[in-house]
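Colleague: Sharing a structure here in structure tokens format.
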Amino acid sequence: MALHAQEKIFLYPASEKVTIDGYEKDKEPPYFEYYKANPDSANGSAILICPGGGYAHLAEWHEGKDVAKFYNQYGFDAFVLHYRLNTDDQSGHRHPDQYRDVTTALRIIKSRAKEWKLDPERVGILGFSAGGHLASMAATMHLPANKKSKNILDQWSTRPSFAILIYPVITLAGSAAHNGSREMLLGKNPDNALVDSLSTQNRVDKHTPPTFLVYGNEDNAVPPENGILFYQALRKNNIPASLLIYGQGGHGFGMAPKDAVLNTWPWLSVKWLEKLGYKK
């Protein structure tokens, strides 16, 4: 049975005239798709999903819609984010456009939580590859709530309650960096200070939410050293963290439905969430 989103929600008013772009030349505005958990199992929690694609396209099915369907089974409402992208000729979007998209999406979800029967303090984030980098920015670079703002979105903090990062790009510098994602995000010759600033292991602090990380040992695109750097930073700041490095698996396996070993990570992430207090 095909999975269909209950709602498609654009992040900005039409007057802003922003489009996703990327390799697909998608001229739609940035948006997210809402997949609601079955009311019988809904636990009031939500996950914003950021598909990967090197900041140039979106793997919206095996790193998006399929993932939403999985977490719906365990009581989580899910939102698949279609954020802005770039192209080889640099005609698309660079930072901070993607960061604005993910933080705006988190604020929309929290601002509409009552309407959707969600707890705004139980909204987490999940990302794959470059989408994992975007999710890690959301997890480490929080915009505070301004309860006095006339803009309802600004009244909500962008901090997610938890982060699930699947073979995420973390560092943008050194031998472990994924150069393609860095170029799509920051351009061909980015300032070194900006590269270091957006290498998100450098952003982890005591306010970073609990984080679950997954890699395959055979990943030559985004090697597990990315996750090790982030995990070490989490440990240093006493943040609850799990790091799984499977002995098999390259890059981009998603939920690995045909691999009896790799396909354990989604279930393990649910058990991890249950231990944090997120029950079905």
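Residues are referred to by chain and number: the chain letter is A, B, ... according to the order shown in the structure tokens, the number counts from 1 in that chain, and ligands are numbered separately from 1 in the order shown.
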Write out as a list in words each polymer residue whose atoms come within 8 Å of range 82-99 of chain A, counting only C-alpha atoms; drop sequence neighbours fewer than 3 positions from it.

Modeller: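 Everything that qualifies: Thr19, Ile20, Asp21, Gly22, Tyr23, Pro30, Tyr31, Phe32, Cys50, Pro51, Tyr55, Ala56, His57, Leu58, Val102, Thr103, Leu134, Met137, Ala138, Met184, Leu185, Leu186 and Gly187 of chain A.
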
Colleague: Excluding Ser136 in chain A and any residue of its chain fewer than 4 positions from it, enumerate the residues within 8 Å of it, using only C-alpha atoms, and give them as a list in words.

Modeller: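 Listed by chain and then number, they are Gly127, Gly132, Thr140, Ala163, Leu165, Ile170 and Thr200 of chain A.
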
Colleague: Would you save the residues of that selection, restricted to C-alpha atoms, as a PDB file, in the first residue's frame?

Modeller:
ATOM      1  CA  GLY A 127      18.932  13.016   9.066  1.00  0.00           C
ATOM      2  CA  GLY A 132      22.429  14.349   8.710  1.00  0.00           C
ATOM      3  CA  THR A 140      23.912  22.100  17.863  1.00  0.00           C
ATOM      4  CA  ALA A 163      18.756  13.649  17.185  1.00  0.00           C
ATOM      5  CA  LEU A 165      21.991  10.863  12.624  1.00  0.00           C
ATOM      6  CA  ILE A 170      29.866  16.075  10.442  1.00  0.00           C
ATOM      7  CA  THR A 200      29.339  20.446  13.894  1.00  0.00           C
TER       8      THR A 200
END

Colleague: Check the DSSP output for the backbone and give back, as a list in words, the residues of range 15-163 of chain A in strand (DSSP E or B).

Modeller: Asp21, Asp26, Tyr31, Phe32, Glu33, Tyr34, Tyr35, Ser45, Ala46, Ile47, Leu48, Ile49, Cys50, Phe76, Asp77, Ala78, Phe79, Val80, Leu81, His82, Val123, Gly124, Ile125, Leu126, Gly127, Phe128 and Ala163 of chain A

Colleague: I want to know what sits within 8 Å of Gly54 in chain A, based on only C-alpha atoms, with residues of the same chain fewer than 3 positions away left out; could you give that as a PyMOL selection string?

Modeller: chain A and resi 57+129-131+180-181+184

Colleague: Put those residues in a file: all heavy atoms, as a CSV table (one decimal), in the first residue's frame.

Modeller:
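again31.csv, freshly written:
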chain,number,residue,atom,x,y,z
A,57,HIS,N,20.5,17.1,-4.2
A,57,HIS,CA,19.2,16.5,-4.5
A,57,HIS,C,18.8,15.8,-3.2
A,57,HIS,O,19.5,15.8,-2.2
A,57,HIS,CB,19.3,15.5,-5.6
A,57,HIS,CG,20.2,14.3,-5.3
A,57,HIS,ND1,19.8,13.1,-4.7
A,57,HIS,CD2,21.6,14.1,-5.6
A,57,HIS,CE1,20.8,12.3,-4.6
A,57,HIS,NE2,21.9,12.9,-5.1
A,129,SER,N,23.2,11.4,5.9
A,129,SER,CA,24.3,11.9,5.0
A,129,SER,C,24.3,13.5,5.1
A,129,SER,O,24.5,14.0,6.2
A,129,SER,CB,24.1,11.5,3.6
A,129,SER,OG,25.3,11.7,2.8
A,130,ALA,N,24.2,14.2,4.0
A,130,ALA,CA,24.2,15.7,4.1
A,130,ALA,C,23.0,16.1,4.9
A,130,ALA,O,23.0,17.1,5.6
A,130,ALA,CB,24.1,16.3,2.7
A,131,GLY,N,21.8,15.4,4.8
A,131,GLY,CA,20.7,15.7,5.6
A,131,GLY,C,21.0,15.5,7.1
A,131,GLY,O,20.4,16.1,8.0
A,180,GLY,N,32.0,17.1,-1.6
A,180,GLY,CA,30.9,17.5,-2.4
A,180,GLY,C,29.8,18.2,-1.6
A,180,GLY,O,29.3,19.2,-2.0
A,181,SER,N,29.5,17.7,-0.4
A,181,SER,CA,28.6,18.4,0.5
A,181,SER,C,29.1,19.7,0.9
A,181,SER,O,28.3,20.7,0.9
A,181,SER,CB,28.3,17.5,1.7
A,181,SER,OG,27.6,16.3,1.4
A,184,MET,N,28.7,22.1,-2.1
A,184,MET,CA,27.3,22.5,-2.3
A,184,MET,C,26.7,23.4,-1.3
A,184,MET,O,25.9,24.3,-1.5
A,184,MET,CB,26.4,21.2,-2.4
A,184,MET,CG,26.6,20.4,-3.6
A,184,MET,SD,26.2,21.2,-5.2
A,184,MET,CE,27.9,21.5,-5.8

Colleague: So, counting only C-alpha atoms, which residue among A:Ala46, A:Leu273, A:Met255, A:Leu126 is closest to Ile109 in chain A?

Modeller: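 When distances to Ile109 in chain A are compared using only C-alpha atoms, the smallest one comes from A:Ala46.
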
Colleague: With only C-alpha atoms as the basis for distance, which of A:Asn237, A:Arg112, A:Phe79, A:His251 is at the shortest distance from Phe128 in chain A?

Modeller: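 Using only C-alpha atoms, the shortest distance to Phe128 in chain A belongs to A:His251.
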
Colleague: Measure the distance from CA of Tyr231 in chain A to CA of Asn72 in chain A in Å and round it to one decimal.

Modeller: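 That distance, rounded to one decimal, is 27.3 Å.
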
Colleague: For a quick check of understanding, using only C-alpha atoms, which of A:Lys279, A:Pro168, A:Pro240, A:Arg100 has the smallest distance to Asn226 in chain A?

Modeller: A:Pro168

Colleague: With a distance cut-off of 12 Å and only C-alpha atoms, select the neighbouring residues of Arg235 in chain A, excluding the residue or stretch itself and same-chain residues fewer than 5 positions from it, and output the selection as a ChimeraX atom specification.

Modeller: /A:201,204-206,208-211,228-230,240-243

Colleague: Find the nearest atom pair between each residue of range 58-127 of chain A and range 11-17 of chain A for residues within 8 Å, count only C-alpha atoms, give distances in Å to one decimal, sort rows by chain and ascending number, and present the table as a tab-separated table.

Modeller:
residue	atom	partner	partner_atom	distance
A:Asp101	CA	A:Leu11	CA	7.2
A:Thr104	CA	A:Leu11	CA	6.7
A:Ala105	CA	A:Leu11	CA	6.5
A:Ile108	CA	A:Leu11	CA	7.8

Colleague: Kindly save the residues from that selection, with N, CA and C atoms included, as a tab-separated table (two decimals), in the first residue's frame.

Modeller:
chain	number	residue	atom	x	y	z
A	101	ASP	N	15.75	26.72	6.54
A	101	ASP	CA	14.64	25.79	6.26
A	101	ASP	C	14.41	24.83	7.42
A	104	THR	N	13.10	26.70	10.53
A	104	THR	CA	11.72	27.14	10.31
A	104	THR	C	10.76	25.96	10.43
A	105	ALA	N	11.14	24.81	9.86
A	105	ALA	CA	10.30	23.62	9.95
A	105	ALA	C	10.08	23.21	11.40
A	108	ILE	N	7.62	25.60	12.96
A	108	ILE	CA	6.24	25.38	12.50
A	108	ILE	C	5.62	24.21	13.24

Colleague: Run DSSP on the backbone and tell me which residues of range 71-185 of chain A come out as alpha helix (DSSP H); list them as a ChimeraX atom specification.

Modeller: /A:71-72,97-111,129-140,179-185

Colleague: For a quick check of understanding, using only C-alpha atoms, which of A:Glu24, A:Glu274, A:Asp191, A:Asp77 has the smallest distance to Ile49 in chain A?

Modeller: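 Using only C-alpha atoms, the shortest distance to Ile49 in chain A belongs to A:Asp77.
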
Colleague: Using CA of His133 in chain A and CA of Ile47 in chain A as the two end points, give the distance in Å to one decimal.

Modeller: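 If I compute the distance from CA of His133 in chain A to CA of Ile47 in chain A, I get 15.9 Å.
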
Colleague: So the first atom is CA of Val123 in chain A and the second is CA of Ala145 in chain A; what is the distance between them in Å, to one decimal place?

Modeller: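 CA of Val123 in chain A sits 14.9 Å away from CA of Ala145 in chain A.
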
Colleague: Excluding Ser175 in chain A and residues on its chain fewer than 4 positions from it, collect all residues at most 10 Å away from it, counting only C-alpha atoms, and give them as a PDB file with all heavy atoms, in the first residue's frame.

Modeller:
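Result saved to selection-v1.pdb:
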ATOM      1  N   THR A 171      32.160  16.671   9.927  1.00  0.00           N
ATOM      2  CA  THR A 171      33.247  17.615   9.702  1.00  0.00           C
ATOM      3  C   THR A 171      33.292  18.046   8.237  1.00  0.00           C
ATOM      4  O   THR A 171      33.059  17.239   7.330  1.00  0.00           O
ATOM      5  CB  THR A 171      34.603  17.025  10.129  1.00  0.00           C
ATOM      6  OG1 THR A 171      35.607  18.031   9.969  1.00  0.00           O
ATOM      7  CG2 THR A 171      34.975  15.795   9.306  1.00  0.00           C
ATOM      8  N   ASN A 179      33.709  16.264   0.536  1.00  0.00           N
ATOM      9  CA  ASN A 179      33.982  17.518  -0.166  1.00  0.00           C
ATOM     10  C   ASN A 179      32.796  18.002  -0.992  1.00  0.00           C
ATOM     11  O   ASN A 179      32.572  19.208  -1.128  1.00  0.00           O
ATOM     12  CB  ASN A 179      35.220  17.364  -1.047  1.00  0.00           C
ATOM     13  CG  ASN A 179      36.482  17.130  -0.242  1.00  0.00           C
ATOM     14  OD1 ASN A 179      36.588  17.574   0.892  1.00  0.00           O
ATOM     15  ND2 ASN A 179      37.446  16.420  -0.818  1.00  0.00           N
ATOM     16  N   VAL A 222      31.431   9.020   3.407  1.00  0.00           N
ATOM     17  CA  VAL A 222      31.408   9.745   4.683  1.00  0.00           C
ATOM     18  C   VAL A 222      31.891   8.767   5.746  1.00  0.00           C
ATOM     19  O   VAL A 222      31.098   8.070   6.380  1.00  0.00           O
ATOM     20  CB  VAL A 222      29.995  10.268   5.018  1.00  0.00           C
ATOM     21  CG1 VAL A 222      30.024  11.084   6.305  1.00  0.00           C
ATOM     22  CG2 VAL A 222      29.443  11.114   3.873  1.00  0.00           C
ATOM     23  N   PRO A 223      33.199   8.652   5.946  1.00  0.00           N
ATOM     24  CA  PRO A 223      33.740   7.633   6.838  1.00  0.00           C
ATOM     25  C   PRO A 223      33.287   7.819   8.284  1.00  0.00           C
ATOM     26  O   PRO A 223      32.942   8.929   8.714  1.00  0.00           O
ATOM     27  CB  PRO A 223      35.258   7.800   6.703  1.00  0.00           C
ATOM     28  CG  PRO A 223      35.456   9.177   6.152  1.00  0.00           C
ATOM     29  CD  PRO A 223      34.254   9.467   5.315  1.00  0.00           C
ATOM     30  N   GLU A 225      34.754   8.168  10.906  1.00  0.00           N
ATOM     31  CA  GLU A 225      35.478   9.165  11.704  1.00  0.00           C
ATOM     32  C   GLU A 225      34.633  10.404  11.959  1.00  0.00           C
ATOM     33  O   GLU A 225      34.799  11.080  12.979  1.00  0.00           O
ATOM     34  CB  GLU A 225      36.781   9.549  11.008  1.00  0.00           C
ATOM     35  CG  GLU A 225      37.906   8.544  11.157  1.00  0.00           C
ATOM     36  CD  GLU A 225      37.734   7.289  10.316  1.00  0.00           C
ATOM     37  OE1 GLU A 225      36.840   7.263   9.428  1.00  0.00           O
ATOM     38  OE2 GLU A 225      38.490   6.312  10.538  1.00  0.00           O
ATOM     39  N   ASN A 226      33.694  10.703  11.035  1.00  0.00           N
ATOM     40  CA  ASN A 226      32.767  11.814  11.275  1.00  0.00           C
ATOM     41  C   ASN A 226      31.984  11.596  12.556  1.00  0.00           C
ATOM     42  O   ASN A 226      31.904  12.478  13.419  1.00  0.00           O
ATOM     43  CB  ASN A 226      31.798  11.946  10.095  1.00  0.00           C
ATOM     44  CG  ASN A 226      32.394  12.632   8.891  1.00  0.00           C
ATOM     45  OD1 ASN A 226      32.255  13.836   8.723  1.00  0.00           O
ATOM     46  ND2 ASN A 226      33.068  11.861   8.042  1.00  0.00           N
TER      47      ASN A 226
END

Colleague: Using only C-alpha atoms, which residues sit within 8 Å of Leu118 in chain A once same-chain residues fewer than 3 positions away are excluded, as an NGL selection string?

Modeller: :A and (44-46 or 113-115 or 122)

Colleague: Let me see the file: selected residues, C-alpha atoms, as a compact mmCIF listing (two decimals), in the first residue's frame.

Modeller:
# COMPACT_ATOMS: atom_id res chain seq x y z
CA GLY A 44 2.51 12.71 21.13
CA SER A 45 6.07 12.81 19.78
CA ALA A 46 7.32 13.80 16.33
CA ALA A 113 1.75 21.04 18.12
CA LYS A 114 -1.54 21.59 19.96
CA GLU A 115 -3.50 21.40 16.71
CA ARG A 122 8.99 15.98 22.22
